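Visitor: Before we start, here is the structure in question, set down as C-alpha cells.
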Amino acid sequence: MSFIVEQDQSVDANVVGGKAAALSALIRLGFNPPPFFVIKPSAFEGGRMDGKLAPELDAVLDILGSGPFAVRSSGRAEDGVAHSHAGQFETVLNVDHADVASGALTVWQSGFSDTVKTYLNATSGGASEAPAIIVQRMVNADFAGVAFSADPVSGQRDRVVISAVAGLGDALVAGEVDGESWLIDAEGNILTTPADAVLSQKQALEIAALARRAETAFGCPQDIEWAIDRDGLHILQARPITTLLLPKPAVDQALTIFDNSNIVESYPGMVSPLTYSFAVHVYDRVYRAFVDLLGVPDATIQTNGAVFANMLGRLDGRVYYNLVNWYRALALLPGFSLNRAYMETMMGVSEPLPDEVTDAIGPPPATGIARYVEYLKLLRVGAGLAWQAVILPRTRHRFYARLNAALHDDFDIASANPTALAAQYRKIESTLLDRWDAPLVNDFLCMIAFGASRNLMQKWLGDRGLELHNDVMIGQGDIVSAEPAQRIARMATMAREAGVTDPAGLKELPEIAAEIESYLAKFGDRCTEELKLESIPLTDDPQPLLNAIAAQASLTKRTKQADQAPDWETLFQGHPIRKSVAKAVINWTKSRVRDRENLRFERTRLFGYARRVFLGLGREFAARGIIATPRDIFFLTKDEVLGAVEGAGISHDPKAIVTMRQVEDRAAQDRPDPPERVSLRGPAIAPVWQAETGASVTSDMVQTATGCAAGQVTATARVIRDPRTQTLAPGEILVARHTDPGWIAVFAQASAIVVERGSLLSHSAIVARELGIPCVVGLKGATQWIADGQEISVDGATGRVEKHDPKL
C-alpha cells in the first residue's frame with residue numbers, strides 16, 4: 001500500500017484532508033500553488049514512521065525539488081465550511097530533504113495535542129485524530145500573509161481584508177505578530193492604507209484580485225494564504241470563511257458621477273453641513289424656476305423633483321455637482337433632441353459624460369414630424385425669452401424691491417427668539433429663493449448675448465473684434481465687482497497722503513474711518529469663500545480690508561489702462577448697417593454682463609443675511625444648551641435646525657450630531673482633496689475613490705491661456721492656496737487655483753495674477769483690470785506647473801506665461 005498521494009490525486013478530503021483537497025482543487029481551477037504531495041496519516045500509525053514510507057518519500061521529494069520544503073497538516077475537518085482549525089496543528093517550515101520525515105511526524109503528533117482537544121470540545125465535539133501531512137515546495141517569501149475575500153469582522157461581502165508582513169507569514173498566521181492591514185472595496189478602491197506599508201498599492205490590489213478570484217472559483221468567500229517572492233505572487237492555500245457574513249447584496253450598477261471642476265470656485269475646500277444643505281435647497285428651487293422659464297411643463301418638473309433635489313453631493317466634506325442629475329435636468333429642455341452635443345457643452349465640465357449615461361437619458365434625436373414639433377417648442381421658448389428681455393427692467397426692479405424689503409425690514413436678529421428667527425428665514429425663502437427671477441432671466445440672456453456678440457465681432461472684425469470684445473466687456477467701471485477695488489484704491493490714496501501705511505492706524509484717521517464704515521455697510525458680507533455660511537464676513541473681522549488698504553498705500557500708485565470707447569466709424573468704415581448692429585448688440589450685452597455681476601452681488605447679500613439668521617439661531621440654541629457654542633449650528637443641516645424649532649426634528653440630541661460631524665470633518669480635513677471627478681456604482685452613500693497619484697505636469701517653459709488685463713510683468717511667483725493663512729509680498733505674482741471677492745487683500749499687493757480657473761467674466765478678470773494688474777485665467781494646473789518662489793513673466797494681453805528658472 002502506498003502512503004503517498006500525488007497532488008493531482010488529492011481530491012478526497014476523507015483521505016488527504018481538507019487543506020490538501022483544497023490545494024488540489026486550486027490546481028484544477030487554474031491557480032498555481034507551489035507543488036506538493038500528501039503523506040497519509042496511516043504512515044505514522046502508533047506514533048512511529050512505517051518503514052515503507054522512506055523509499056517512497058525519497059522518490060517523490062526528488063521529483064518535488066531540492067528543497068527547502070514546508071510540512072503542514074491537512075486534517076479531514078480542516079479548512080472546512082463549518083470549522084477551519086486554523087493554527088491548531090503544527091507547521092514546520094524551511095525543512096531540508098533529510099528532515100522531512102521527522103517534520104511530518106511532528107505534524108502528525110500535533111493532531112493529539114491539548115490545543116486540538118480544547119478546540120474540538122469548543123466546536124464540533126469530535127475525537128482527536130491524526131491529520132494527513134502536506135509536503136510542499138517552500139516559497140522564499142519577501143512578503144506573506146492572509147487575505148479574506150469578504151470582511152470577517154463587519155461581515156461585508158464587498159470588502160477584501162489583507163494582512164501582510166515582511167518575510168514568511170507563519171508568525172502572522174499563528175497570531176504571534178500583527179501584520180499591516182489593507183481594506184479594498186469591490187471596485188478596487190483602497191479604503192485603508194497602512195502607514196509605512198511593506199506592500200505597494202499595486203501588490204495589495206493584486207492580492208485582493210487573487211482573493212476574489214478564489215471566491216469566484218470556489219463559489220463562496222475565501223480565506224487565502226499568499227506569498228510574494230522574486231517570481232511574483234503565489235497562493236499557498238484557500239479555505240472557506242467560517243464566520244457569519246452579511247447577506248450578499250443585490251447587484252446595483254447605477255452610475256453616479258460627481259464633478260467639482262466648476263463648483264469649486266464657489267465652494268472650495270471643506271464645506272459645513274449647514275452650508276451644503278442650504279446650497280442644495282437653493283439649487284433645487286432656482287433650477288426648477290430656470291426650466292420653468294424655458295418652457296418645461298410644470299407636470300414634468302414635478303415628476304422630476306428628485307433630479308432637482310439632488311444636483312449636489314458632499315464628498316469628504318467637499319461640494320460636488322451630481323453630473324448625471326444635471327444631465328437629466330438638461331434633457332428636459334425643449335430642443336434637447338435636436339442638438340444633444342451642443343446642449344452637453346452647456347454643462348461646462350472638463351471631460352464629457354460616458355456614453356452609458358448620455359445614451360440612457362433623454363429622448364433620441366428627433367426625426368420626421370417630431371423634429372418640427374421640437375422646432376415649434378424652441379420658437380415658443382424664443383418668443384418667451386424675447387418677451388422676458390423686453391420686460392427685464394420691470395422684472396429687475398421688482399426683484400430689487402422684494403430683496404430690499406426683505407433684507408431691510410425692522411427685524412432685529414440680535415434680540416429675536418428662535419421661533420421668530422425660523423419664521424424670518426422662511427420669509428426669505430418664500431419671497432426670494434422661490435422667486436429668483438431677475439438673476440435667472442438675466443444670466444441666461446447674458447450667456448446667449450455674450451456668445452453671440454463675441455462670434456459676431458470675430459466674424460466681422462477677426463482677432464481685432466475679439467480684442468475689442470474683451471476690452472468692452474471686462475472694463476466696465478459700473479460693475480459692482482469693481483467697486484470694492486475702486487474704494488480700496490481711494491482709501492489707500494488717502495492713507496498714502498496722510499503717511500499712514502500701518503493697518504492699525506487707519507481707523508485713527510476720521511475720513512478713512514468713515515470710508516471704512518461706508519464700505520462695510522455695503523460690502524460687509526464679502527469675504528473669502530463668501531458663499532459658505534461658516535465664513536467670517538468683514539463685518540465681524542475687517543482686518544482683511546485694513547490689510548488691503550495698507551498694502552495699496554505702501555505701493556506706488558498703479559496706472560490703470562485707460563478704457564477707450566471703440567472707434568466704430570473706423571472699425572466699420574463703409575458698413576453702416578454692421579456698425580449700427582454691432583453697437584446695439586455690444587451695448588445690450590454690456591448691460592447684461594453688468595447686471596449679471598450686480599445681481600450676483602445680491603446673492604452675496606442674501607447669503608450674508610441667511611448667515612446672520614442662522615448664527616442667531618445658534619446663539620439661542622447654545623443659550624438653551626441644545627448645542628455647545630453658537631457656531632456649532634454649522635454642523636447641523638438646514639432642516640435639522642428649523643425642525644428643532646418648528647417641531648419636525650427627529651433627533652433630541654443635536655449635541656451628539658454636532659460631535660459626530662466634527663469628528664468626521666476633522667478626519668476629512670486631514671485627508672487629501674478627493675479627485676476632480678469621482679464615479680461610483682450603486683448607493684452613493686459614503687462614496688470612496690482611488691487616491692490620485694498626482695497629475696502630470698508639462699515640462700514646457702511657456703504656456704498660454706486667456707489674457708484678461710493687459711500689461712507685462714516679470715517677478716517672483718507666489719502660489720497661494722488660502723489667503724487667510726498665506727501672504728503675498730508687494731510686487732509678487734499671485735498664482736492660484738481660483739479666487740473670489742474675498743481675495744481683494746491679496747490682489748492689492750500683486751503685480752500680476754495667474755489663475756487656473758475662470759473666464760473673461762470671472763471676478764479675477766474684472767478686478768484685475770480695474771486695478772491695472774496683468775491677469776491670465778484658465779491656465780490649468782498652474783499651481784503645479786509653477787513652483788512657489790519661481791521667477792515668471794506674465795503677458796496679460798496675450799495670456800502668455802513663461803517660467804525662467806528650469807531648476808525649480
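The way I read the labels, and the way they are meant: chains A, B, ... in the order of the C-alpha cells, residue 1 as the first residue of every chain, and ligand 1 as the first ligand shown, with later ones counted on from there.
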Stretch 470-577 of chain A: which residues are helix (DSSP H, G or I) by DSSP, as a ChimeraX atom specification?

Guide: /A:470-474,480-498,503-508,510-523,543-553,568-571,576-577

Visitor: Name all residues at most 12 Å from A:Asn404 (count only C-alpha atoms; drop same-chain ones fewer than 2 positions away) and give them as a PyMOL selection string.

Guide: chain A and resi 397-402+406-410+428+431-432+602+605-606+609

Visitor: List every residue of stretch 127-191 of chain A that has an atom at most 8 Å from any atom of stretch 205-210 of chain A, and for each one report the closest atom pair and its distance in Å to one decimal, counting only C-alpha atoms, with rows sorted by chain and then by increasing residue number, as a Markdown table.

Guide:
```
| residue | atom | partner | partner_atom | distance |
| --- | --- | --- | --- | --- |
| A:Ala147 | CA | A:Ala208 | CA | 7.2 |
| A:Ser149 | CA | A:Ala208 | CA | 7.2 |
| A:Val160 | CA | A:Ala208 | CA | 6.0 |
| A:Val161 | CA | A:Ala208 | CA | 7.8 |
| A:Ile162 | CA | A:Ala208 | CA | 7.4 |
| A:Ile184 | CA | A:Ala208 | CA | 7.1 |
| A:Gly188 | CA | A:Leu205 | CA | 6.8 |
```

Visitor: Take the residues just selected and output them with C-alpha atoms as a PDB file, in the first residue's frame.

Guide:
```
ATOM      1  CA  ALA A 147      -6.417  37.765   2.654  1.00  0.00           C
ATOM      2  CA  SER A 149     -12.410  37.984   0.089  1.00  0.00           C
ATOM      3  CA  VAL A 160     -11.255  42.451   0.836  1.00  0.00           C
ATOM      4  CA  VAL A 161      -9.163  42.431   4.017  1.00  0.00           C
ATOM      5  CA  ILE A 162      -5.415  41.832   3.681  1.00  0.00           C
ATOM      6  CA  ILE A 184     -10.067  47.273  -0.527  1.00  0.00           C
ATOM      7  CA  GLY A 188     -10.602  48.209  -6.441  1.00  0.00           C
TER       8      GLY A 188
END
```

Visitor: Taking only C-alpha atoms into account, which of A:Arg288, A:Arg757, A:Lys522, A:Arg239 comes nearest A:Lys780?

Guide: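 Under the stated criterion, the closest residue is A:Arg757.
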
Visitor: Looking at A:Val678, A:Val441, A:Ala514, A:Ala21, which one is nearest to A:Leu293, with distances taken over only C-alpha atoms?

Guide: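 Result for the nearest residue to A:Leu293: A:Val441.
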
Visitor: Using only C-alpha atoms, which of the listed residues (A:Ala98, A:Leu333, A:Ala366, A:Ala130) sits closest to A:Ser110?

Guide: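 Between A:Ala98, A:Leu333, A:Ala366, A:Ala130, the residue approaching A:Ser110 most closely is A:Ala130.
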
Visitor: When you count only C-alpha atoms, which of these residues is closest to A:Pro503: A:Val472, A:Val264, A:Asn587, A:Gln543?

Guide: A:Gln543

Visitor: I'd like to know which of A:Glu215, A:Lys248, A:Ala416, A:Ala668 is closest to A:Val271, using only C-alpha atoms.

Guide: A:Ala668

Visitor: Mind checking DSSP for stretch 623-793 of chain A and telling me the strand (DSSP E or B) residues as JSON, numbers by chain?

Guide: {"A": [677, 678, 679, 680, 681, 702, 703, 704, 706, 707, 708, 709, 712, 713, 714, 715, 716, 717, 718, 719, 733, 734, 735, 736, 752, 753, 754, 755, 775, 776, 777, 791, 792, 793]}

Visitor: Give me the residues near A:Phe336 as an MDAnalysis selection string, where near means some atom within 12 Å (using only C-alpha atoms) and where sequence neighbours in that chain fewer than 2 positions away do not count.

Guide: chainID A and resid 294 296 327:334 338:346 358 361:366 371 374:375 377:378

Visitor: What does the file look like for those residues with N, CA, C and O atoms, as a compact mmCIF listing (two decimals), in the first residue's frame?

Guide:
```txt
# COMPACT_ATOMS: atom_id res chain seq x y z
N LEU A 294 -37.86 78.21 -19.23
CA LEU A 294 -37.57 77.76 -20.59
C LEU A 294 -38.66 76.88 -21.17
O LEU A 294 -38.47 76.24 -22.21
N VAL A 296 -40.49 74.20 -19.77
CA VAL A 296 -40.73 72.82 -19.34
C VAL A 296 -42.05 72.78 -18.57
O VAL A 296 -42.24 73.57 -17.63
N TYR A 327 -27.39 66.31 -16.09
CA TYR A 327 -27.69 65.91 -17.46
C TYR A 327 -29.17 65.58 -17.60
O TYR A 327 -29.80 65.90 -18.62
N ARG A 328 -29.76 64.96 -16.58
CA ARG A 328 -31.20 64.68 -16.62
C ARG A 328 -32.01 65.98 -16.70
O ARG A 328 -33.00 66.06 -17.42
N ALA A 329 -31.57 66.99 -15.93
CA ALA A 329 -32.27 68.28 -15.98
C ALA A 329 -32.12 68.92 -17.36
O ALA A 329 -33.08 69.48 -17.91
N LEU A 330 -30.93 68.82 -17.93
CA LEU A 330 -30.68 69.38 -19.26
C LEU A 330 -31.55 68.69 -20.30
O LEU A 330 -32.04 69.34 -21.25
N ALA A 331 -31.75 67.39 -20.15
CA ALA A 331 -32.53 66.63 -21.13
C ALA A 331 -34.01 67.01 -21.12
O ALA A 331 -34.73 66.65 -22.06
N LEU A 332 -34.46 67.73 -20.09
CA LEU A 332 -35.85 68.17 -20.05
C LEU A 332 -36.10 69.38 -20.94
O LEU A 332 -37.26 69.67 -21.27
N LEU A 333 -35.04 70.09 -21.32
CA LEU A 333 -35.21 71.35 -22.03
C LEU A 333 -35.71 71.15 -23.46
O LEU A 333 -35.31 70.19 -24.13
N PRO A 334 -36.58 72.04 -23.93
CA PRO A 334 -37.01 71.98 -25.33
C PRO A 334 -35.80 72.10 -26.27
O PRO A 334 -34.89 72.87 -26.02
N LEU A 338 -32.80 67.92 -30.62
CA LEU A 338 -32.33 68.45 -31.90
C LEU A 338 -30.82 68.55 -31.95
O LEU A 338 -30.20 68.36 -33.00
N ASN A 339 -30.21 68.86 -30.81
CA ASN A 339 -28.76 69.03 -30.80
C ASN A 339 -28.21 68.67 -29.43
O ASN A 339 -27.89 69.53 -28.62
N ARG A 340 -28.14 67.37 -29.18
CA ARG A 340 -27.67 66.91 -27.87
C ARG A 340 -26.24 67.36 -27.60
O ARG A 340 -25.91 67.79 -26.50
N ALA A 341 -25.38 67.31 -28.62
CA ALA A 341 -23.97 67.63 -28.42
C ALA A 341 -23.80 69.07 -27.95
O ALA A 341 -23.01 69.36 -27.03
N TYR A 342 -24.53 70.00 -28.57
CA TYR A 342 -24.41 71.40 -28.18
C TYR A 342 -24.92 71.61 -26.76
O TYR A 342 -24.30 72.31 -25.96
N MET A 343 -26.04 70.96 -26.45
CA MET A 343 -26.60 71.12 -25.11
C MET A 343 -25.64 70.58 -24.05
O MET A 343 -25.53 71.13 -22.96
N GLU A 344 -24.92 69.49 -24.38
CA GLU A 344 -23.99 68.91 -23.42
C GLU A 344 -22.85 69.87 -23.09
O GLU A 344 -22.33 69.87 -21.97
N THR A 345 -22.48 70.70 -24.08
CA THR A 345 -21.39 71.65 -23.82
C THR A 345 -21.81 72.70 -22.80
O THR A 345 -20.96 73.34 -22.18
N MET A 346 -23.13 72.91 -22.63
CA MET A 346 -23.61 73.88 -21.65
C MET A 346 -23.23 73.50 -20.22
O MET A 346 -23.20 74.34 -19.33
N THR A 358 -25.20 59.22 -21.27
CA THR A 358 -25.87 60.05 -22.29
C THR A 358 -26.83 59.24 -23.16
O THR A 358 -27.86 59.76 -23.60
N ILE A 361 -30.33 58.62 -21.20
CA ILE A 361 -31.12 59.74 -20.68
C ILE A 361 -31.62 60.59 -21.83
O ILE A 361 -30.87 60.89 -22.77
N GLY A 362 -32.86 61.03 -21.72
CA GLY A 362 -33.40 61.95 -22.70
C GLY A 362 -33.90 61.25 -23.95
O GLY A 362 -33.63 60.08 -24.20
N PRO A 363 -34.66 61.98 -24.74
CA PRO A 363 -35.22 61.41 -25.97
C PRO A 363 -34.14 61.21 -27.03
O PRO A 363 -33.11 61.89 -27.01
N PRO A 364 -34.35 60.29 -27.95
CA PRO A 364 -33.41 60.13 -29.06
C PRO A 364 -33.48 61.33 -30.00
O PRO A 364 -34.40 62.15 -29.90
N PRO A 365 -32.51 61.47 -30.91
CA PRO A 365 -32.55 62.58 -31.87
C PRO A 365 -33.89 62.62 -32.60
O PRO A 365 -34.39 61.60 -33.07
N ALA A 366 -34.48 63.82 -32.65
CA ALA A 366 -35.80 63.96 -33.27
C ALA A 366 -35.71 63.82 -34.78
O ALA A 366 -34.80 64.36 -35.41
N ARG A 371 -39.34 66.27 -35.25
CA ARG A 371 -38.34 67.33 -35.40
C ARG A 371 -39.01 68.69 -35.52
O ARG A 371 -38.58 69.67 -34.89
N GLU A 374 -40.34 69.84 -32.19
CA GLU A 374 -39.30 70.41 -31.33
C GLU A 374 -38.95 71.84 -31.76
O GLU A 374 -38.72 72.71 -30.92
N TYR A 375 -38.93 72.07 -33.06
CA TYR A 375 -38.66 73.43 -33.54
C TYR A 375 -39.75 74.40 -33.09
O TYR A 375 -39.47 75.55 -32.73
N LYS A 377 -41.48 74.09 -30.38
CA LYS A 377 -41.23 74.35 -28.95
C LYS A 377 -40.13 75.39 -28.76
O LYS A 377 -40.23 76.28 -27.91
N LEU A 378 -39.08 75.27 -29.57
CA LEU A 378 -37.99 76.24 -29.48
C LEU A 378 -38.45 77.63 -29.86
O LEU A 378 -38.03 78.62 -29.24
```

Visitor: Counting only C-alpha atoms, what is within 12 Å of A:Leu57, bar same-chain residues fewer than 5 positions away, as JSON, numbers by chain?

Guide: {"A": [2, 3, 4, 5, 6, 37, 38, 39, 40, 43, 49, 50, 51, 52, 62, 63, 64, 97, 98, 99, 100, 101, 102, 104, 134, 135]}

Visitor: Those selected residues, please, written with N, CA, C and O atoms and delivered as a CSV table (one decimal), in the first residue's frame.

Guide:
```
chain,number,residue,atom,x,y,z
A,2,SER,N,0.5,2.2,-0.8
A,2,SER,CA,1.3,3.5,-0.9
A,2,SER,C,0.8,4.4,0.2
A,2,SER,O,-0.4,4.6,0.4
A,3,PHE,N,1.8,5.1,0.8
A,3,PHE,CA,1.5,6.1,1.8
A,3,PHE,C,1.5,7.5,1.2
A,3,PHE,O,1.2,8.5,1.9
A,4,ILE,N,1.8,7.7,-0.1
A,4,ILE,CA,2.0,9.0,-0.8
A,4,ILE,C,0.8,9.2,-1.7
A,4,ILE,O,0.4,8.2,-2.5
A,5,VAL,N,0.2,10.4,-1.7
A,5,VAL,CA,-0.8,10.7,-2.7
A,5,VAL,C,-0.3,11.9,-3.5
A,5,VAL,O,0.0,13.0,-2.9
A,6,GLU,N,-0.2,11.8,-4.8
A,6,GLU,CA,0.2,12.9,-5.7
A,6,GLU,C,-0.8,14.0,-5.6
A,6,GLU,O,-2.0,13.8,-5.3
A,37,PHE,N,2.8,17.1,-2.3
A,37,PHE,CA,2.2,15.7,-2.3
A,37,PHE,C,1.8,15.5,-0.8
A,37,PHE,O,2.0,16.4,0.1
A,38,VAL,N,1.0,14.5,-0.6
A,38,VAL,CA,0.4,14.2,0.7
A,38,VAL,C,0.9,12.9,1.3
A,38,VAL,O,0.9,11.9,0.5
A,39,ILE,N,1.2,12.9,2.6
A,39,ILE,CA,1.5,11.6,3.3
A,39,ILE,C,0.3,11.3,4.1
A,39,ILE,O,-0.2,12.1,4.9
A,40,LYS,N,-0.2,10.0,3.9
A,40,LYS,CA,-1.4,9.6,4.6
A,40,LYS,C,-1.1,9.5,6.1
A,40,LYS,O,0.0,9.1,6.5
A,43,ALA,N,0.7,6.4,7.7
A,43,ALA,CA,2.2,6.2,7.6
A,43,ALA,C,2.8,6.3,9.0
A,43,ALA,O,4.0,5.9,9.2
A,49,MET,N,7.1,6.1,12.3
A,49,MET,CA,7.0,6.1,10.9
A,49,MET,C,7.1,4.7,10.4
A,49,MET,O,8.0,3.9,10.8
A,50,ASP,N,6.2,4.3,9.5
A,50,ASP,CA,6.3,3.0,8.8
A,50,ASP,C,7.5,2.9,7.9
A,50,ASP,O,7.8,3.9,7.2
A,51,GLY,N,8.2,1.8,8.0
A,51,GLY,CA,9.5,1.7,7.3
A,51,GLY,C,9.3,1.8,5.8
A,51,GLY,O,10.2,2.1,5.0
A,52,LYS,N,8.1,1.5,5.3
A,52,LYS,CA,7.9,1.5,3.8
A,52,LYS,C,7.8,2.9,3.3
A,52,LYS,O,7.8,3.2,2.1
A,62,ASP,N,12.5,13.8,-4.6
A,62,ASP,CA,13.4,14.1,-5.7
A,62,ASP,C,12.7,14.8,-6.9
A,62,ASP,O,13.2,15.6,-7.6
A,63,ILE,N,11.4,14.3,-7.1
A,63,ILE,CA,10.6,14.9,-8.1
A,63,ILE,C,10.2,16.4,-7.7
A,63,ILE,O,10.2,17.3,-8.6
A,64,LEU,N,9.9,16.6,-6.5
A,64,LEU,CA,9.4,17.9,-6.0
A,64,LEU,C,10.5,18.9,-6.1
A,64,LEU,O,10.2,20.1,-6.3
A,97,HIS,N,15.6,18.1,2.8
A,97,HIS,CA,15.2,16.8,2.3
A,97,HIS,C,15.4,15.8,3.4
A,97,HIS,O,14.4,15.0,3.7
A,98,ALA,N,16.5,15.8,4.2
A,98,ALA,CA,16.7,14.7,5.1
A,98,ALA,C,15.8,14.8,6.4
A,98,ALA,O,15.6,13.8,7.1
A,99,ASP,N,15.2,16.0,6.6
A,99,ASP,CA,14.4,16.2,7.8
A,99,ASP,C,12.9,16.2,7.5
A,99,ASP,O,12.1,16.4,8.5
A,100,VAL,N,12.5,15.9,6.3
A,100,VAL,CA,11.0,15.9,6.0
A,100,VAL,C,10.3,14.8,6.9
A,100,VAL,O,9.2,15.1,7.4
A,101,ALA,N,10.9,13.6,7.0
A,101,ALA,CA,10.2,12.6,7.7
A,101,ALA,C,9.9,13.0,9.2
A,101,ALA,O,8.8,12.8,9.7
A,102,SER,N,11.0,13.5,9.8
A,102,SER,CA,10.8,13.9,11.2
A,102,SER,C,9.8,15.1,11.3
A,102,SER,O,9.0,15.2,12.3
A,104,ALA,N,7.3,15.6,9.3
A,104,ALA,CA,6.0,15.0,9.1
A,104,ALA,C,5.5,14.4,10.4
A,104,ALA,O,4.3,14.5,10.8
A,134,ILE,N,0.9,17.5,4.4
A,134,ILE,CA,1.3,18.1,3.1
A,134,ILE,C,2.8,18.4,3.1
A,134,ILE,O,3.3,19.0,4.1
A,135,VAL,N,3.5,18.0,2.1
A,135,VAL,CA,4.8,18.4,1.9
A,135,VAL,C,4.8,19.2,0.6
A,135,VAL,O,4.5,18.7,-0.5
```
